[in-house]
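Here's the structure we're looking at; comments come further down.
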There are 2 protein chains.
Amino acid sequence: MDQYSTRLDGIFQALADPTRRAVLMELGKGPSSISDLAKPFDMALPSFMKHIHFLEGSGLIRTQKQGRVRTCAIETKQFAMIESWLSAQRAVWEGRNDRLERFVLAEHDPEKL
Amino acid sequence: MDQYSTRLDGIFQALADPTRRAVLMELGKGPSSISDLAKPFDMALPSFMKHIHFLEGSGLIRTQKQGRVRTCAIETKQFAMIESWLSAQRAVWEGRNDRLERFVLAEHDPEKL
DNA sequence: CGAATACTGATCCATAAGGCTAAGTATCAC
DNA sequence: GTGATACTTAGCCTTATGGATCAGTATTCG
């Protein structure tokens, strides 16, 4: 299994958690500090940090520490991987749909055969 | 946490596994039996079935048993959930980008203030 | 009918995931 | 300098995940 696939695993795994999805939505509005991000969640900070580390590991966010404050920002580029996978998936089934449709039409219109 | 979020968890979790992604790509070409699907994987069939059950549970495929053969087909509708989540995410950060851009332009062109 | 085929159910295992608490370090504000 | 603030590290726990094996059921084929 290659690098691309491993990265996809990690990205989808990151999105498979509601806390992490919510964090991404919040960061979509702009960079934010860890403690600000953590406020809406009824969770211990070390637990929340695990989510942050996971998101950073998957490339969906990057963090930067300045003094005692760590600021998180979203990495929109990484969403392109999801989108390209989805596009590839759609290309496969739409290719099949097109062939099926032409077959059906030909069947109903014998002149097309 | 609501139904929608739980379903998203399941869908992204389903996609977080390379075997399951490969299965979806194969099913994108058309319905297929379990044993045909399982052929490319060096995996015991009961283990493979777990992946199938997971995919079915997340709504990404549906299966139907006829005699001793169980046929799997993709549920393309379910991909719409992923896409709508991505769209929502993009809307958030693009909304921010638009505001940032207008702010930058206004700053460089004082007449726009 | 018996053998082959296509699953199915149950159990086990190692590892990962998603939380917790306790204790610590580093920075900041007064 | 001291107390408050913002993380950080480490260890623990329960549950889930992604595989395995074994044994079974149901259907199909010769």
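Order determines the names: the first chain of the structure tokens is A, the second B, and so forth; residues in each chain are numbered 1 upward, and ligands are numbered 1 upward as they are shown.
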Task: Contacts of DT21 (chain D) at 10 Å (only C-alpha atoms (C1' of nucleotides); same-chain gap of 3+ positions) as a list in words - done: Ala44 and Pro46 of chain B; DT11 and DC12 of chain C
Select from chain B every residue with an atom at most 9 Å from any atom of chain A, then for each give the shortest pair of atoms and their distance in Å to one decimal, using only C-alpha atoms, rows by chain and rising number, as JSON lines.
{"residue": "B:Met1", "atom": "CA", "partner": "A:Pro18", "partner_atom": "CA", "distance": 8.2}
{"residue": "B:Ser5", "atom": "CA", "partner": "A:Pro18", "partner_atom": "CA", "distance": 6.6}
{"residue": "B:Thr6", "atom": "CA", "partner": "A:Pro18", "partner_atom": "CA", "distance": 7.9}
{"residue": "B:Leu8", "atom": "CA", "partner": "A:Ala16", "partner_atom": "CA", "distance": 6.9}
{"residue": "B:Asp9", "atom": "CA", "partner": "A:Ala16", "partner_atom": "CA", "distance": 4.3}
{"residue": "B:Gly10", "atom": "CA", "partner": "A:Ala16", "partner_atom": "CA", "distance": 6.7}
{"residue": "B:Ile11", "atom": "CA", "partner": "A:Ala16", "partner_atom": "CA", "distance": 7.4}
{"residue": "B:Phe12", "atom": "CA", "partner": "A:Ala16", "partner_atom": "CA", "distance": 4.7}
{"residue": "B:Gln13", "atom": "CA", "partner": "A:Ala16", "partner_atom": "CA", "distance": 5.1}
{"residue": "B:Ala14", "atom": "CA", "partner": "A:Phe12", "partner_atom": "CA", "distance": 8.3}
{"residue": "B:Leu15", "atom": "CA", "partner": "A:Phe12", "partner_atom": "CA", "distance": 6.0}
{"residue": "B:Ala16", "atom": "CA", "partner": "A:Asp9", "partner_atom": "CA", "distance": 4.3}
{"residue": "B:Asp17", "atom": "CA", "partner": "A:Asp9", "partner_atom": "CA", "distance": 5.8}
{"residue": "B:Pro18", "atom": "CA", "partner": "A:Ser5", "partner_atom": "CA", "distance": 6.6}
{"residue": "B:Leu24", "atom": "CA", "partner": "A:Gln89", "partner_atom": "CA", "distance": 7.7}
{"residue": "B:Met25", "atom": "CA", "partner": "A:Gln89", "partner_atom": "CA", "distance": 5.9}
{"residue": "B:Glu26", "atom": "CA", "partner": "A:Val92", "partner_atom": "CA", "distance": 8.4}
{"residue": "B:Leu27", "atom": "CA", "partner": "A:Trp93", "partner_atom": "CA", "distance": 8.0}
{"residue": "B:Gly28", "atom": "CA", "partner": "A:Trp93", "partner_atom": "CA", "distance": 4.3}
{"residue": "B:Lys29", "atom": "CA", "partner": "A:Trp93", "partner_atom": "CA", "distance": 5.5}
{"residue": "B:Gly30", "atom": "CA", "partner": "A:Arg96", "partner_atom": "CA", "distance": 7.0}
{"residue": "B:Ile74", "atom": "CA", "partner": "A:Trp93", "partner_atom": "CA", "distance": 8.8}
{"residue": "B:Thr76", "atom": "CA", "partner": "A:Trp93", "partner_atom": "CA", "distance": 8.3}
{"residue": "B:Phe79", "atom": "CA", "partner": "A:Leu86", "partner_atom": "CA", "distance": 8.1}
{"residue": "B:Ile82", "atom": "CA", "partner": "A:Leu86", "partner_atom": "CA", "distance": 8.8}
{"residue": "B:Glu83", "atom": "CA", "partner": "A:Leu86", "partner_atom": "CA", "distance": 8.3}
{"residue": "B:Leu86", "atom": "CA", "partner": "A:Phe79", "partner_atom": "CA", "distance": 8.1}
{"residue": "B:Ala88", "atom": "CA", "partner": "A:Met25", "partner_atom": "CA", "distance": 8.3}
{"residue": "B:Gln89", "atom": "CA", "partner": "A:Met25", "partner_atom": "CA", "distance": 5.9}
{"residue": "B:Arg90", "atom": "CA", "partner": "A:Gly28", "partner_atom": "CA", "distance": 7.7}
{"residue": "B:Ala91", "atom": "CA", "partner": "A:Gly28", "partner_atom": "CA", "distance": 8.5}
{"residue": "B:Val92", "atom": "CA", "partner": "A:Gly28", "partner_atom": "CA", "distance": 5.4}
{"residue": "B:Trp93", "atom": "CA", "partner": "A:Gly28", "partner_atom": "CA", "distance": 4.3}
{"residue": "B:Glu94", "atom": "CA", "partner": "A:Gly28", "partner_atom": "CA", "distance": 8.1}
{"residue": "B:Gly95", "atom": "CA", "partner": "A:Lys29", "partner_atom": "CA", "distance": 7.8}
{"residue": "B:Arg96", "atom": "CA", "partner": "A:Lys29", "partner_atom": "CA", "distance": 5.7}
{"residue": "B:Asn97", "atom": "CA", "partner": "A:Lys29", "partner_atom": "CA", "distance": 8.8}
- [ ] Please return, as a ChimeraX atom specification, all residues of chain C lying within 10 Å of chain A when only C-alpha atoms (C1' of nucleotides) are considered.
- [x] /C:18-21,26-28
Where does chain D meet chain B within 9 Å, residue by residue, with the nearest atom pair and distance in Å to one decimal for each, counting only C-alpha atoms (C1' of nucleotides), listed by chain and rising number, as a tab-separated table?
residue	atom	partner	partner_atom	distance
D:DG18	C1'	B:Ser47	CA	7.8
D:DG19	C1'	B:Ser47	CA	6.5
D:DA20	C1'	B:Ala44	CA	7.8
D:DA26	C1'	B:Arg68	CA	6.7
D:DT27	C1'	B:Arg68	CA	5.0
D:DT28	C1'	B:Arg68	CA	8.0
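You can rank C:DA3, C:DA22, C:DA29, C:DA17 by their closest distance to DT2 (chain D) using only C-alpha atoms (C1' of nucleotides), and at the top of that list sits C:DA29.
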Open item on the list: What parts of chain A does DSSP call strand (DSSP E)? I'd like the answer as a ChimeraX atom specification.
Closed with: /A:32-33,61-66,69-74
Open item on the list: Nearest residue to DC7 (chain D) out of A:Gln78, A:Thr63, A:Ser84, A:Ser35, using only C-alpha atoms (C1' of nucleotides)?
Closed with: A:Ser35
- [ ] Write out as a PyMOL selection string all residues of chain A that backbone DSSP assigns to helix (DSSP H, G or I).
- [x] chain A and resi 3-15+18-28+34-38+45-57+76-108+110-112
